[in-house]
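Step one of this worksheet: look at the structure below.
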Amino acid sequence: MGTFSNTITSAHKKFVDKQHMFFVSTAPLNSEGHVNLSPKGLDCFRFLSDTKVGYMDLISSGNETSAHILENGRITLMFCSFKGPPSILRLYGKAITVLPETELWDKYAPHFTIHPSTRQLIVADISLVQTSCGWGVPLYDYVGERDTHFKWADKLGQEGLQEYVKENNLVSLDGLPTSLGLK
């Protein structure tokens with residue numbers, strides 16, 4: 001059944017490194033606000049230490065994660081095996097949004113592949129690691145990564161991407177500012 005740890009072990013890292021996808025969940029403090037759950041892929045996740053992780057975040061239709069962590073910092077990242085032995089790993093922590101052209105960007109960006117459409121980095125201090133059985137997770141075969149985002153970004157170009165961010169990424173669904181919105 002479930003086990004808990006205060007640090008990310010080598011076994012945890014080995015499990016995560018085999019996964020092609022993970023999920024990020026955040027929520028506002030307001031109980032009427034929208035909980036956000038986002039799938040992530042594209043080899044964007046990195047271990048930064050035994051208690052710190054991060055992922056490279058691309059421009060997309062909303063920016064709920066940034067708004068929620070700006071308000072309260074809470075984040076949960078979940079990895080589950082869709083192939084091989086069933087297992088789920090959750091990382092609970094407090095996160096920050098790291099924007100380009102900042103001191104923290106210079107510190108963390110070298111750990112990631114940065115694309116023209118990279119919007120920000122999300123970096124989290126992990127306080128609890130939980131593993132559980134994953135017996136209810138179905139088996140799936142990994143086929144490959146999609147290139148749809150990158151084609152879209154290339155078509156918009158840098159100016160188009162900046163305009164898209166202004167229109168879609170400065171506030172959350174609930175009207176909370178994002179880090180980009182405060183920039």
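Each chain in the structure tokens gets a letter, A, B and so on, in the order shown; residues start at 1 in every chain, and ligands are counted from 1 in the order they appear.
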Which residues of segment 68-162 of chain A come within 8 Å of segment 5-22 of chain A, and for each one, what is the closest pair of atoms and their distance in Å to one decimal, counting only C-alpha atoms, sorted by chain and residue number, as a Markdown table?
| residue | atom | partner | partner_atom | distance |
| --- | --- | --- | --- | --- |
| A:Leu77 | CA | A:Phe22 | CA | 6.9 |
| A:Met78 | CA | A:Phe22 | CA | 5.6 |
| A:Phe79 | CA | A:Phe22 | CA | 4.7 |
| A:Cys80 | CA | A:Phe22 | CA | 7.2 |
| A:Ser81 | CA | A:Gln19 | CA | 6.5 |
| A:Leu89 | CA | A:His12 | CA | 7.6 |
| A:Ile126 | CA | A:Thr7 | CA | 7.4 |
| A:Ser127 | CA | A:Asn6 | CA | 5.6 |
| A:Leu128 | CA | A:Asn6 | CA | 4.8 |
| A:Val129 | CA | A:Ser5 | CA | 5.0 |
| A:Gln130 | CA | A:Ser5 | CA | 6.6 |
| A:Tyr142 | CA | A:His20 | CA | 7.6 |
Kindly save the residues from that selection, with N, CA, C and O atoms included, as an mmCIF file, in the first residue's frame.
data_model
loop_
_atom_site.group_PDB
_atom_site.id
_atom_site.type_symbol
_atom_site.label_atom_id
_atom_site.label_comp_id
_atom_site.auth_asym_id
_atom_site.auth_seq_id
_atom_site.Cartn_x
_atom_site.Cartn_y
_atom_site.Cartn_z
ATOM 1 N N LEU A 77 2.278 17.074 -7.856
ATOM 2 C CA LEU A 77 2.641 16.481 -9.139
ATOM 3 C C LEU A 77 2.443 14.974 -9.002
ATOM 4 O O LEU A 77 2.839 14.388 -7.990
ATOM 5 N N MET A 78 1.804 14.369 -9.999
ATOM 6 C CA MET A 78 1.530 12.938 -9.930
ATOM 7 C C MET A 78 2.044 12.224 -11.174
ATOM 8 O O MET A 78 1.800 12.653 -12.305
ATOM 9 N N PHE A 79 2.746 11.139 -10.936
ATOM 10 C CA PHE A 79 3.244 10.258 -11.990
ATOM 11 C C PHE A 79 2.590 8.902 -11.774
ATOM 12 O O PHE A 79 2.505 8.427 -10.643
ATOM 13 N N CYS A 80 2.127 8.255 -12.847
ATOM 14 C CA CYS A 80 1.590 6.911 -12.710
ATOM 15 C C CYS A 80 2.077 6.059 -13.866
ATOM 16 O O CYS A 80 2.292 6.552 -14.964
ATOM 17 N N SER A 81 2.281 4.785 -13.564
ATOM 18 C CA SER A 81 2.773 3.882 -14.598
ATOM 19 C C SER A 81 1.606 3.393 -15.438
ATOM 20 O O SER A 81 0.629 2.879 -14.916
ATOM 21 N N LEU A 89 3.081 7.810 -7.955
ATOM 22 C CA LEU A 89 3.971 8.605 -7.109
ATOM 23 C C LEU A 89 3.467 10.044 -7.126
ATOM 24 O O LEU A 89 3.234 10.612 -8.194
ATOM 25 N N ILE A 126 9.743 20.149 -2.419
ATOM 26 C CA ILE A 126 8.904 18.999 -2.088
ATOM 27 C C ILE A 126 9.048 18.667 -0.605
ATOM 28 O O ILE A 126 10.152 18.471 -0.102
ATOM 29 N N SER A 127 7.914 18.595 0.077
ATOM 30 C CA SER A 127 7.918 18.285 1.512
ATOM 31 C C SER A 127 7.442 16.862 1.804
ATOM 32 O O SER A 127 7.688 16.335 2.880
ATOM 33 N N LEU A 128 6.738 16.256 0.832
ATOM 34 C CA LEU A 128 6.223 14.909 1.043
ATOM 35 C C LEU A 128 6.160 14.162 -0.284
ATOM 36 O O LEU A 128 5.706 14.715 -1.288
ATOM 37 N N VAL A 129 6.635 12.928 -0.266
ATOM 38 C CA VAL A 129 6.551 12.028 -1.423
ATOM 39 C C VAL A 129 5.685 10.851 -1.000
ATOM 40 O O VAL A 129 5.908 10.251 0.051
ATOM 41 N N GLN A 130 4.693 10.530 -1.809
ATOM 42 C CA GLN A 130 3.811 9.401 -1.513
ATOM 43 C C GLN A 130 3.813 8.438 -2.693
ATOM 44 O O GLN A 130 3.698 8.869 -3.846
ATOM 45 N N TYR A 142 2.786 3.822 -25.096
ATOM 46 C CA TYR A 142 3.314 5.129 -25.501
ATOM 47 C C TYR A 142 3.633 5.073 -26.995
ATOM 48 O O TYR A 142 4.357 4.196 -27.443
#
Select from segment 28-94 of chain A every residue with an atom at most 12 Å from any atom of segment 144-157 of chain A, then for each give the shortest pair of atoms and their distance in Å to one decimal, using only C-alpha atoms, rows by chain and rising number, as CSV.
residue,atom,partner,partner_atom,distance
A:Lys40,CA,A:Glu145,CA,10.9
A:Gly41,CA,A:Glu145,CA,7.7
A:Leu42,CA,A:Glu145,CA,6.4
A:Asp43,CA,A:Glu145,CA,9.3
A:Cys44,CA,A:Glu145,CA,11.8
A:Asp57,CA,A:His149,CA,12.0
A:Leu58,CA,A:His149,CA,8.6
A:Ile59,CA,A:Ala153,CA,8.6
A:Ser60,CA,A:His149,CA,8.5
A:Ser61,CA,A:His149,CA,11.0
Pull all heavy atoms from the residues just selected and write them as a short mmCIF file (atom, residue, chain, number, x, y, z; two decimals), in the first residue's frame.
data_model
loop_
_atom_site.label_atom_id
_atom_site.label_comp_id
_atom_site.auth_asym_id
_atom_site.auth_seq_id
_atom_site.Cartn_x
_atom_site.Cartn_y
_atom_site.Cartn_z
N LYS A 40 1.21 16.91 -18.43
CA LYS A 40 2.46 17.44 -18.97
C LYS A 40 3.25 16.29 -19.60
O LYS A 40 3.23 15.16 -19.12
CB LYS A 40 3.32 18.09 -17.88
CG LYS A 40 2.64 19.21 -17.12
CD LYS A 40 2.37 20.40 -17.98
CE LYS A 40 1.64 21.48 -17.20
NZ LYS A 40 1.25 22.60 -18.04
N GLY A 41 3.97 16.62 -20.65
CA GLY A 41 4.83 15.65 -21.32
C GLY A 41 6.05 16.36 -21.88
O GLY A 41 6.53 17.34 -21.33
N LEU A 42 6.56 15.85 -23.00
CA LEU A 42 7.66 16.48 -23.75
C LEU A 42 8.97 16.56 -22.98
O LEU A 42 9.74 17.48 -23.17
CB LEU A 42 7.24 17.89 -24.21
CG LEU A 42 6.01 17.96 -25.10
CD1 LEU A 42 5.59 19.40 -25.30
CD2 LEU A 42 6.27 17.28 -26.43
N ASP A 43 9.23 15.63 -22.08
CA ASP A 43 10.49 15.59 -21.35
C ASP A 43 10.80 16.94 -20.70
O ASP A 43 11.89 17.47 -20.81
CB ASP A 43 11.64 15.16 -22.28
CG ASP A 43 12.94 14.93 -21.53
OD1 ASP A 43 12.89 14.46 -20.38
OD2 ASP A 43 14.00 15.27 -22.08
N CYS A 44 9.82 17.50 -20.01
CA CYS A 44 9.98 18.82 -19.43
C CYS A 44 10.29 18.80 -17.93
O CYS A 44 10.58 19.85 -17.35
CB CYS A 44 8.74 19.66 -19.68
SG CYS A 44 7.26 19.06 -18.82
N ASP A 57 7.45 24.99 -18.66
CA ASP A 57 6.04 25.18 -18.97
C ASP A 57 5.89 25.97 -20.26
O ASP A 57 6.42 27.07 -20.39
CB ASP A 57 5.38 25.93 -17.80
CG ASP A 57 3.89 25.99 -17.92
OD1 ASP A 57 3.26 24.94 -18.13
OD2 ASP A 57 3.34 27.10 -17.79
N LEU A 58 5.15 25.41 -21.20
CA LEU A 58 4.93 26.04 -22.49
C LEU A 58 3.70 26.94 -22.47
O LEU A 58 2.77 26.72 -21.68
CB LEU A 58 4.73 24.97 -23.57
CG LEU A 58 5.92 24.05 -23.83
CD1 LEU A 58 5.50 22.92 -24.76
CD2 LEU A 58 7.08 24.83 -24.41
N ILE A 59 3.68 27.93 -23.35
CA ILE A 59 2.50 28.78 -23.52
C ILE A 59 1.33 27.88 -23.88
O ILE A 59 1.44 27.01 -24.75
CB ILE A 59 2.74 29.82 -24.63
CG1 ILE A 59 3.86 30.79 -24.23
CG2 ILE A 59 1.45 30.56 -24.96
CD1 ILE A 59 4.33 31.70 -25.35
N SER A 60 0.21 28.10 -23.19
CA SER A 60 -0.99 27.32 -23.49
C SER A 60 -2.23 28.15 -23.22
O SER A 60 -2.12 29.34 -22.93
CB SER A 60 -0.99 26.01 -22.69
OG SER A 60 -1.00 26.28 -21.31
N SER A 61 -3.39 27.52 -23.26
CA SER A 61 -4.66 28.25 -23.25
C SER A 61 -4.95 28.96 -21.94
O SER A 61 -5.75 29.88 -21.92
CB SER A 61 -5.80 27.30 -23.59
OG SER A 61 -5.83 26.24 -22.65
#
query: Could you state the separation of atom CA of Arg74 of chain A and atom CA of Asp125 of chain A in Å, given to one decimal place?
result: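 Interatomic distance here is 10.0 Å.
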task: Give the helix (DSSP H, G or I) residues of segment 35-106 of chain A, as DSSP finds them on the backbone, and put them as number ranges by chain.
output: A: 64-71, 103-106
field: Top pick for closest residue to Gln120 of chain A, considering A:Ser172, A:Asn36, A:Ser31, A:Thr102 and counting only C-alpha atoms
entry: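 When distances to Gln120 of chain A are compared using only C-alpha atoms, the smallest one comes from A:Thr102.
Counting only C-alpha atoms, the residue from A:Val137, A:Leu48, A:Leu182, A:Leu29 that sits nearest to Ile88 of chain A is A:Val137.
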